file coords-v3.cif (mmCIF, C-alpha atoms, pLDDT in the B column; chains and numbers go by the auth columns)
data_input
#
loop_
_atom_site.group_PDB
_atom_site.id
_atom_site.type_symbol
_atom_site.label_atom_id
_atom_site.label_comp_id
_atom_site.label_asym_id
_atom_site.label_seq_id
_atom_site.Cartn_x
_atom_site.Cartn_y
_atom_site.Cartn_z
_atom_site.B_iso_or_equiv
_atom_site.auth_seq_id
_atom_site.auth_asym_id
ATOM 1 C CA MET A 1 43.331 -9.991 -22.291 42.00 23 A
ATOM 2 C CA LYS A 2 42.814 -10.543 -25.995 47.00 24 A
ATOM 3 C CA LEU A 3 39.552 -9.550 -27.633 48.00 25 A
ATOM 4 C CA ALA A 4 38.839 -13.199 -28.464 43.00 26 A
ATOM 5 C CA ASP A 5 38.981 -14.144 -24.754 51.00 27 A
ATOM 6 C CA TYR A 6 35.598 -12.583 -24.080 74.00 28 A
ATOM 7 C CA TYR A 7 32.690 -14.196 -25.921 83.00 29 A
ATOM 8 C CA LEU A 8 29.041 -13.532 -26.611 86.00 30 A
ATOM 9 C CA THR A 9 27.499 -16.272 -24.497 88.00 31 A
ATOM 10 C CA LYS A 10 23.802 -17.126 -24.313 91.00 32 A
ATOM 11 C CA LYS A 11 23.636 -15.355 -20.949 92.00 33 A
ATOM 12 C CA ARG A 12 25.200 -12.174 -22.374 92.00 34 A
ATOM 13 C CA TRP A 13 22.965 -12.281 -25.456 93.00 35 A
ATOM 14 C CA LEU A 14 19.931 -12.592 -23.201 92.00 36 A
ATOM 15 C CA ALA A 15 21.133 -9.632 -21.102 92.00 37 A
ATOM 16 C CA ILE A 16 21.575 -7.509 -24.245 93.00 38 A
ATOM 17 C CA SER A 17 18.274 -8.549 -25.824 92.00 39 A
ATOM 18 C CA MET A 18 16.361 -7.982 -22.568 92.00 40 A
ATOM 19 C CA ASN A 19 18.149 -4.686 -21.710 90.00 41 A
ATOM 20 C CA ASP A 20 19.158 -6.221 -18.377 90.00 42 A
ATOM 21 C CA LYS A 21 20.374 -3.425 -16.093 89.00 43 A
ATOM 22 C CA THR A 22 21.795 -5.955 -13.623 89.00 44 A
ATOM 23 C CA ALA A 23 24.404 -6.953 -16.253 89.00 45 A
ATOM 24 C CA ASP A 24 25.737 -3.388 -16.543 89.00 46 A
ATOM 25 C CA GLY A 25 29.322 -3.335 -15.325 83.00 47 A
ATOM 26 C CA GLU A 26 29.855 -7.056 -15.997 88.00 48 A
ATOM 27 C CA PHE A 27 30.608 -6.385 -19.668 92.00 49 A
ATOM 28 C CA PHE A 28 30.039 -3.968 -22.545 93.00 50 A
ATOM 29 C CA TYR A 29 29.075 -4.871 -26.079 94.00 51 A
ATOM 30 C CA GLY A 30 30.365 -3.242 -29.235 93.00 52 A
ATOM 31 C CA VAL A 31 28.526 -3.175 -32.539 91.00 53 A
ATOM 32 C CA THR A 32 30.927 -3.731 -35.431 89.00 54 A
ATOM 33 C CA SER A 33 28.704 -2.006 -38.006 85.00 55 A
ATOM 34 C CA THR A 34 28.585 1.277 -36.049 85.00 56 A
ATOM 35 C CA LYS A 35 31.787 1.083 -33.929 87.00 57 A
ATOM 36 C CA ILE A 36 29.718 2.082 -30.879 88.00 58 A
ATOM 37 C CA PHE A 37 29.813 0.271 -27.537 91.00 59 A
ATOM 38 C CA CYS A 38 26.972 0.023 -25.023 91.00 60 A
ATOM 39 C CA TYR A 39 25.880 -1.219 -21.639 91.00 61 A
ATOM 40 C CA PRO A 40 23.772 -4.399 -21.812 92.00 62 A
ATOM 41 C CA SER A 41 20.790 -2.287 -20.649 90.00 63 A
ATOM 42 C CA CYS A 42 20.988 0.126 -23.607 90.00 64 A
ATOM 43 C CA LYS A 43 17.571 0.732 -25.161 83.00 65 A
ATOM 44 C CA SER A 44 18.942 1.127 -28.680 83.00 66 A
ATOM 45 C CA ARG A 45 17.877 -1.225 -31.446 83.00 67 A
ATOM 46 C CA LEU A 46 19.044 -4.788 -30.921 88.00 68 A
ATOM 47 C CA PRO A 47 22.021 -5.485 -33.193 89.00 69 A
ATOM 48 C CA LYS A 48 22.544 -8.698 -35.103 90.00 70 A
ATOM 49 C CA LYS A 49 24.447 -11.292 -33.088 90.00 71 A
ATOM 50 C CA GLU A 50 27.188 -11.494 -35.696 91.00 72 A
ATOM 51 C CA ASN A 51 27.853 -7.744 -35.290 91.00 73 A
ATOM 52 C CA ILE A 52 28.504 -7.930 -31.539 93.00 74 A
ATOM 53 C CA LEU A 53 31.869 -7.958 -29.792 92.00 75 A
ATOM 54 C CA ILE A 54 32.100 -8.278 -26.014 94.00 76 A
ATOM 55 C CA PHE A 55 34.417 -6.069 -23.973 93.00 77 A
ATOM 56 C CA LYS A 56 35.340 -6.321 -20.301 90.00 78 A
ATOM 57 C CA SER A 57 35.512 -2.539 -19.851 88.00 79 A
ATOM 58 C CA ALA A 58 34.804 0.773 -21.543 87.00 80 A
ATOM 59 C CA GLU A 59 38.551 1.355 -21.778 88.00 81 A
ATOM 60 C CA GLU A 60 38.990 -1.908 -23.672 90.00 82 A
ATOM 61 C CA ALA A 61 36.245 -0.941 -26.133 90.00 83 A
ATOM 62 C CA ILE A 62 37.826 2.474 -26.665 88.00 84 A
ATOM 63 C CA SER A 63 41.266 0.895 -27.181 91.00 85 A
ATOM 64 C CA HIS A 64 39.755 -1.184 -30.007 91.00 86 A
ATOM 65 C CA GLY A 65 38.446 1.916 -31.771 89.00 87 A
ATOM 66 C CA TYR A 66 34.880 1.917 -30.422 89.00 88 A
ATOM 67 C CA ARG A 67 33.086 5.032 -29.245 85.00 89 A
ATOM 68 C CA ALA A 68 30.717 5.396 -26.320 85.00 90 A
ATOM 69 C CA CYS A 69 26.975 5.285 -26.956 84.00 91 A
ATOM 70 C CA LYS A 70 25.214 8.611 -26.733 77.00 92 A
ATOM 71 C CA ARG A 71 22.002 6.982 -25.508 79.00 93 A
ATOM 72 C CA CYS A 72 23.262 4.835 -22.605 83.00 94 A
ATOM 73 C CA LYS A 73 26.405 6.923 -21.902 79.00 95 A
ATOM 74 C CA SER A 74 28.570 3.806 -21.837 80.00 96 A
ATOM 75 C CA GLY A 75 31.729 5.892 -21.655 74.00 97 A
ATOM 76 C CA GLY A 76 30.619 7.300 -18.318 71.00 98 A
ATOM 77 C CA ALA A 77 29.759 10.712 -19.713 61.00 99 A
ATOM 78 C CA THR A 78 27.806 12.128 -22.569 59.00 100 A
ATOM 79 C CA LEU A 79 29.525 11.748 -25.930 64.00 101 A
ATOM 80 C CA PRO A 80 30.224 15.240 -27.306 75.00 102 A
ATOM 81 C CA ASP A 81 27.804 16.133 -30.097 83.00 103 A
ATOM 82 C CA ALA A 82 30.583 16.784 -32.626 85.00 104 A
ATOM 83 C CA GLU A 83 32.027 13.309 -31.995 82.00 105 A
ATOM 84 C CA TRP A 84 28.593 11.725 -32.312 83.00 106 A
ATOM 85 C CA ILE A 85 28.047 13.473 -35.642 91.00 107 A
ATOM 86 C CA GLU A 86 31.451 12.223 -36.869 89.00 108 A
ATOM 87 C CA ASN A 87 30.287 8.686 -35.983 85.00 109 A
ATOM 88 C CA ILE A 88 27.064 9.230 -37.902 91.00 110 A
ATOM 89 C CA GLU A 89 28.884 10.575 -40.958 94.00 111 A
ATOM 90 C CA ALA A 90 31.188 7.539 -40.936 91.00 112 A
ATOM 91 C CA TYR A 91 28.175 5.233 -40.531 91.00 113 A
ATOM 92 C CA ILE A 92 26.414 6.874 -43.511 95.00 114 A
ATOM 93 C CA GLU A 93 29.567 6.719 -45.652 95.00 115 A
ATOM 94 C CA GLU A 94 29.883 2.980 -44.925 91.00 116 A
ATOM 95 C CA ASN A 95 26.182 2.141 -45.367 93.00 117 A
ATOM 96 C CA PHE A 96 24.923 4.604 -48.013 96.00 118 A
ATOM 97 C CA ALA A 97 23.935 1.835 -50.440 95.00 119 A
ATOM 98 C CA LYS A 98 21.443 0.399 -47.939 93.00 120 A
ATOM 99 C CA ALA A 99 17.859 1.577 -47.518 93.00 121 A
ATOM 100 C CA LEU A 100 18.552 4.240 -44.903 94.00 122 A
ATOM 101 C CA THR A 101 15.977 6.525 -43.342 94.00 123 A
ATOM 102 C CA LEU A 102 16.366 9.067 -40.567 94.00 124 A
ATOM 103 C CA GLN A 103 14.739 6.532 -38.222 92.00 125 A
ATOM 104 C CA THR A 104 17.175 3.772 -39.233 91.00 126 A
ATOM 105 C CA ILE A 105 20.208 6.026 -38.898 92.00 127 A
ATOM 106 C CA ALA A 106 19.028 7.239 -35.476 89.00 128 A
ATOM 107 C CA GLU A 107 18.388 3.714 -34.209 84.00 129 A
ATOM 108 C CA ASP A 108 21.708 2.386 -35.477 83.00 130 A
ATOM 109 C CA CYS A 109 23.591 5.381 -34.058 83.00 131 A
ATOM 110 C CA HIS A 110 21.796 5.262 -30.722 78.00 132 A
ATOM 111 C CA GLY A 111 19.735 8.421 -30.699 80.00 133 A
ATOM 112 C CA SER A 112 16.263 9.693 -31.457 84.00 134 A
ATOM 113 C CA PRO A 113 15.436 10.895 -34.982 91.00 135 A
ATOM 114 C CA TYR A 114 14.500 14.356 -33.697 91.00 136 A
ATOM 115 C CA HIS A 115 17.710 14.819 -31.698 88.00 137 A
ATOM 116 C CA LEU A 116 19.844 13.396 -34.507 91.00 138 A
ATOM 117 C CA HIS A 117 18.293 15.703 -37.123 95.00 139 A
ATOM 118 C CA ARG A 118 18.573 18.816 -34.943 94.00 140 A
ATOM 119 C CA THR A 119 22.140 18.099 -33.770 92.00 141 A
ATOM 120 C CA PHE A 120 23.403 17.057 -37.219 95.00 142 A
ATOM 121 C CA LYS A 121 22.040 20.220 -38.828 95.00 143 A
ATOM 122 C CA ARG A 122 23.433 22.447 -36.062 94.00 144 A
ATOM 123 C CA ILE A 123 26.929 21.009 -36.477 93.00 145 A
ATOM 124 C CA THR A 124 27.124 20.410 -40.247 95.00 146 A
ATOM 125 C CA GLN A 125 24.619 22.993 -41.537 96.00 147 A
ATOM 126 C CA ILE A 126 22.837 20.254 -43.529 96.00 148 A
ATOM 127 C CA THR A 127 20.410 17.495 -42.603 96.00 149 A
ATOM 128 C CA PRO A 128 21.477 13.845 -42.284 96.00 150 A
ATOM 129 C CA ILE A 129 19.369 12.960 -45.331 96.00 151 A
ATOM 130 C CA THR A 130 21.054 15.684 -47.417 96.00 152 A
ATOM 131 C CA PHE A 131 24.427 14.315 -46.282 97.00 153 A
ATOM 132 C CA LEU A 132 23.279 10.822 -47.318 97.00 154 A
ATOM 133 C CA GLU A 133 22.188 12.100 -50.744 96.00 155 A
ATOM 134 C CA ASN A 134 25.529 13.899 -51.195 97.00 156 A
ATOM 135 C CA VAL A 135 27.439 10.683 -50.433 97.00 157 A
ATOM 136 C CA ARG A 136 25.240 8.742 -52.867 97.00 158 A
ATOM 137 C CA ILE A 137 25.607 11.323 -55.645 97.00 159 A
ATOM 138 C CA THR A 138 29.400 11.446 -55.197 97.00 160 A
ATOM 139 C CA TYR A 139 29.526 7.658 -55.527 97.00 161 A
ATOM 140 C CA ALA A 140 27.215 7.725 -58.562 97.00 162 A
ATOM 141 C CA LYS A 141 29.429 10.330 -60.259 96.00 163 A
ATOM 142 C CA LYS A 142 32.456 8.063 -59.820 96.00 164 A
ATOM 143 C CA LEU A 143 30.576 5.129 -61.337 96.00 165 A
ATOM 144 C CA LEU A 144 29.252 7.238 -64.223 95.00 166 A
ATOM 145 C CA GLN A 145 32.796 8.347 -65.028 94.00 167 A
ATOM 146 C CA SER A 146 34.541 5.025 -64.597 94.00 168 A
ATOM 147 C CA SER A 147 32.135 2.225 -65.490 94.00 169 A
ATOM 148 C CA ALA A 148 29.876 1.013 -68.254 93.00 170 A
ATOM 149 C CA LEU A 149 27.088 0.071 -65.833 94.00 171 A
ATOM 150 C CA SER A 150 23.588 1.107 -66.808 95.00 172 A
ATOM 151 C CA ILE A 151 22.123 4.258 -65.261 94.00 173 A
ATOM 152 C CA GLU A 152 19.586 2.078 -63.448 95.00 174 A
ATOM 153 C CA GLU A 153 22.313 -0.164 -61.979 96.00 175 A
ATOM 154 C CA ILE A 154 24.383 2.847 -60.888 96.00 176 A
ATOM 155 C CA GLY A 155 21.344 4.289 -59.139 95.00 177 A
ATOM 156 C CA LYS A 156 20.727 0.976 -57.384 96.00 178 A
ATOM 157 C CA GLN A 157 24.370 0.569 -56.313 96.00 179 A
ATOM 158 C CA SER A 158 24.344 4.157 -55.053 96.00 180 A
ATOM 159 C CA GLY A 159 21.435 3.403 -52.740 96.00 181 A
ATOM 160 C CA PHE A 160 18.537 5.015 -54.575 95.00 182 A
ATOM 161 C CA PRO A 161 15.255 3.109 -54.292 91.00 183 A
ATOM 162 C CA ASN A 162 14.324 3.498 -57.975 93.00 184 A
ATOM 163 C CA PRO A 163 15.680 4.979 -61.232 93.00 185 A
ATOM 164 C CA SER A 164 13.271 7.922 -61.161 94.00 186 A
ATOM 165 C CA HIS A 165 14.373 9.018 -57.698 94.00 187 A
ATOM 166 C CA PHE A 166 18.006 8.647 -58.728 96.00 188 A
ATOM 167 C CA SER A 167 17.589 10.750 -61.889 95.00 189 A
ATOM 168 C CA THR A 168 15.579 13.458 -60.128 95.00 190 A
ATOM 169 C CA THR A 169 18.023 13.757 -57.218 95.00 191 A
ATOM 170 C CA PHE A 170 21.060 13.633 -59.505 96.00 192 A
ATOM 171 C CA LYS A 171 19.706 16.377 -61.758 95.00 193 A
ATOM 172 C CA ARG A 172 18.692 18.533 -58.785 94.00 194 A
ATOM 173 C CA GLN A 173 22.212 18.311 -57.343 93.00 195 A
ATOM 174 C CA THR A 174 24.329 18.490 -60.492 94.00 196 A
ATOM 175 C CA GLY A 175 22.157 20.290 -63.032 95.00 197 A
ATOM 176 C CA LEU A 176 22.570 17.362 -65.418 94.00 198 A
ATOM 177 C CA SER A 177 20.812 14.062 -65.921 95.00 199 A
ATOM 178 C CA PRO A 178 22.981 11.023 -65.157 96.00 200 A
ATOM 179 C CA ASN A 179 23.216 10.305 -68.887 93.00 201 A
ATOM 180 C CA HIS A 180 24.308 13.869 -69.760 95.00 202 A
ATOM 181 C CA PHE A 181 26.792 13.823 -66.880 95.00 203 A
ATOM 182 C CA ARG A 182 28.300 10.567 -68.186 93.00 204 A
ATOM 183 C CA LYS A 183 28.680 11.999 -71.709 90.00 205 A
ATOM 184 C CA ALA A 184 30.185 15.249 -70.430 91.00 206 A
ATOM 185 C CA TYR A 185 32.678 13.742 -67.967 84.00 207 A
ATOM 186 C CA GLN A 186 33.641 10.336 -69.286 73.00 208 A
#
call {"tool": "encode", "arguments": {"input": "coords-v3.cif", "output": "structure tokens"}}
result
Amino acid sequence: MKLADYYLTKKRWLAISMNDKTADGEFFYGVTSTKIFCYPSCKSRLPKKENILIFKSAEEAISHGYRACKRCKSGGATLPDAEWIENIEAYIEENFAKALTLQTIAEDCHGSPYHLHRTFKRITQITPITFLENVRITYAKKLLQSSALSIEEIGKQSGFPNPSHFSTTFKRQTGLSPNHFRKAYQ
């Protein structure tokens, strides 16, 4: 069976949006933005329709590079914490420019904010928000070294909500203002 042979029908969308437990086992759905697959009854945040792929089985989802959901245990067992954290790191690295909060990350990665924060810190020794800031600062450094974009635009493209937050975070992490960093490393 090809992936395209199994479609998101109105009935399947309704099952997903209503967390219909009776549809569990009939199909699984994968979320392209997170690479996680779930049972239709999963209580995680409802994904956008355009981000959903339908799979006939957990094995099919796994063969297409999707990982089981930690919340609904779609792989039949609990996803190991280290694997879940790898998923979260990949999600942050792909979505760092968006307005991410701990709540948003937890919802998109199918866990509670408290459990995510505690597990992430236990495994990586830093919080998810610190990891997010590190990814953003690394990206900003690259732009400061390789582009003529304004400091404000670099901050925006790096995911910071405003220039002040960008400058403060950048200086706290590097010891230099974005402007001084650009002059020193360009």
call {"tool": "resolve_selection", "arguments": {"input": "coords-v3.cif", "expression": "the PyMOL selection byres ((chain A and resi 61) around 10)", "output": "PyMOL selection string"}}
result
chain A and resi 37-38+41-43+45-52+59-60+62-65+79-80+90-91+93-97
call {"tool": "atom_distance", "arguments": {"input": "coords-v3.cif", "atom1": "CA of Glu155 (chain A)", "atom2": "CA of Glu174 (chain A)"}}
result
16.4 Å
call {"tool": "closest_residue", "arguments": {"input": "coords-v3.cif", "among": "A:Pro183, A:Pro69, A:Pro200, A:Gly177", "to": "Leu122 (chain A)", "atoms": "all atoms listed in the file"}}
result
A:Pro183
call {"tool": "resolve_selection", "arguments": {"input": "coords-v3.cif", "expression": "the PyMOL selection byres ((chain A and resi 192) around 10)", "output": "list in words"}}
result
Glu155, Asn156, Arg158, Ile159, Thr160, Ala162, Lys163, Gly177, Ser186, His187, Phe188, Ser189, Thr190, Thr191, Lys193, Arg194, Gln195, Thr196, Gly197, Leu198, Ser199, Pro200 and Phe203 of chain A
call {"tool": "atom_distance", "arguments": {"input": "coords-v3.cif", "atom1": "CA of Arg89 (chain A)", "atom2": "CA of His132 (chain A)"}}
result
11.4 Å
call {"tool": "resolve_selection", "arguments": {"input": "coords-v3.cif", "expression": "the PyMOL selection byres ((chain A and resi 102-115) around 10)", "output": "ChimeraX atom specification"}}
result
/A:55-58,88-92,99-101,116-120,122,127-128,130-133,138,141-146,150-151,153-158,161
call {"tool": "atom_distance", "arguments": {"input": "coords-v3.cif", "atom1": "CA of Leu166 (chain A)", "atom2": "CA of Arg204 (chain A)"}}
result
5.3 Å
call {"tool": "axis_aligned_box", "arguments": {"input": "coords-v3.cif", "around": "region 51-67 of chain A", "padding_each_side": "8 Å", "output": "lines of an AutoDock Vina configuration file"}}
result
center_x = 24.7
center_y = -1.4
center_z = -29.3
size_x = 30.2
size_y = 23.0
size_z = 33.4
call {"tool": "residues_near_point", "arguments": {"input": "coords-v3.cif", "point": "(31.2, -11.1, -29.8)", "cutoff": "12 Å", "atoms": "only C-alpha atoms", "output": "JSON, numbers by chain"}}
result
{"A": [25, 26, 27, 28, 29, 30, 31, 32, 34, 35, 38, 49, 50, 51, 52, 53, 54, 59, 69, 70, 71, 72, 73, 74, 75, 76, 77, 78, 83]}
call {"tool": "closest_residue", "arguments": {"input": "coords-v3.cif", "among": "A:Ser85, A:Thr44, A:Ser134, A:Thr123", "to": "Phe182 (chain A)", "atoms": "all atoms listed in the file"}}
result
A:Thr123
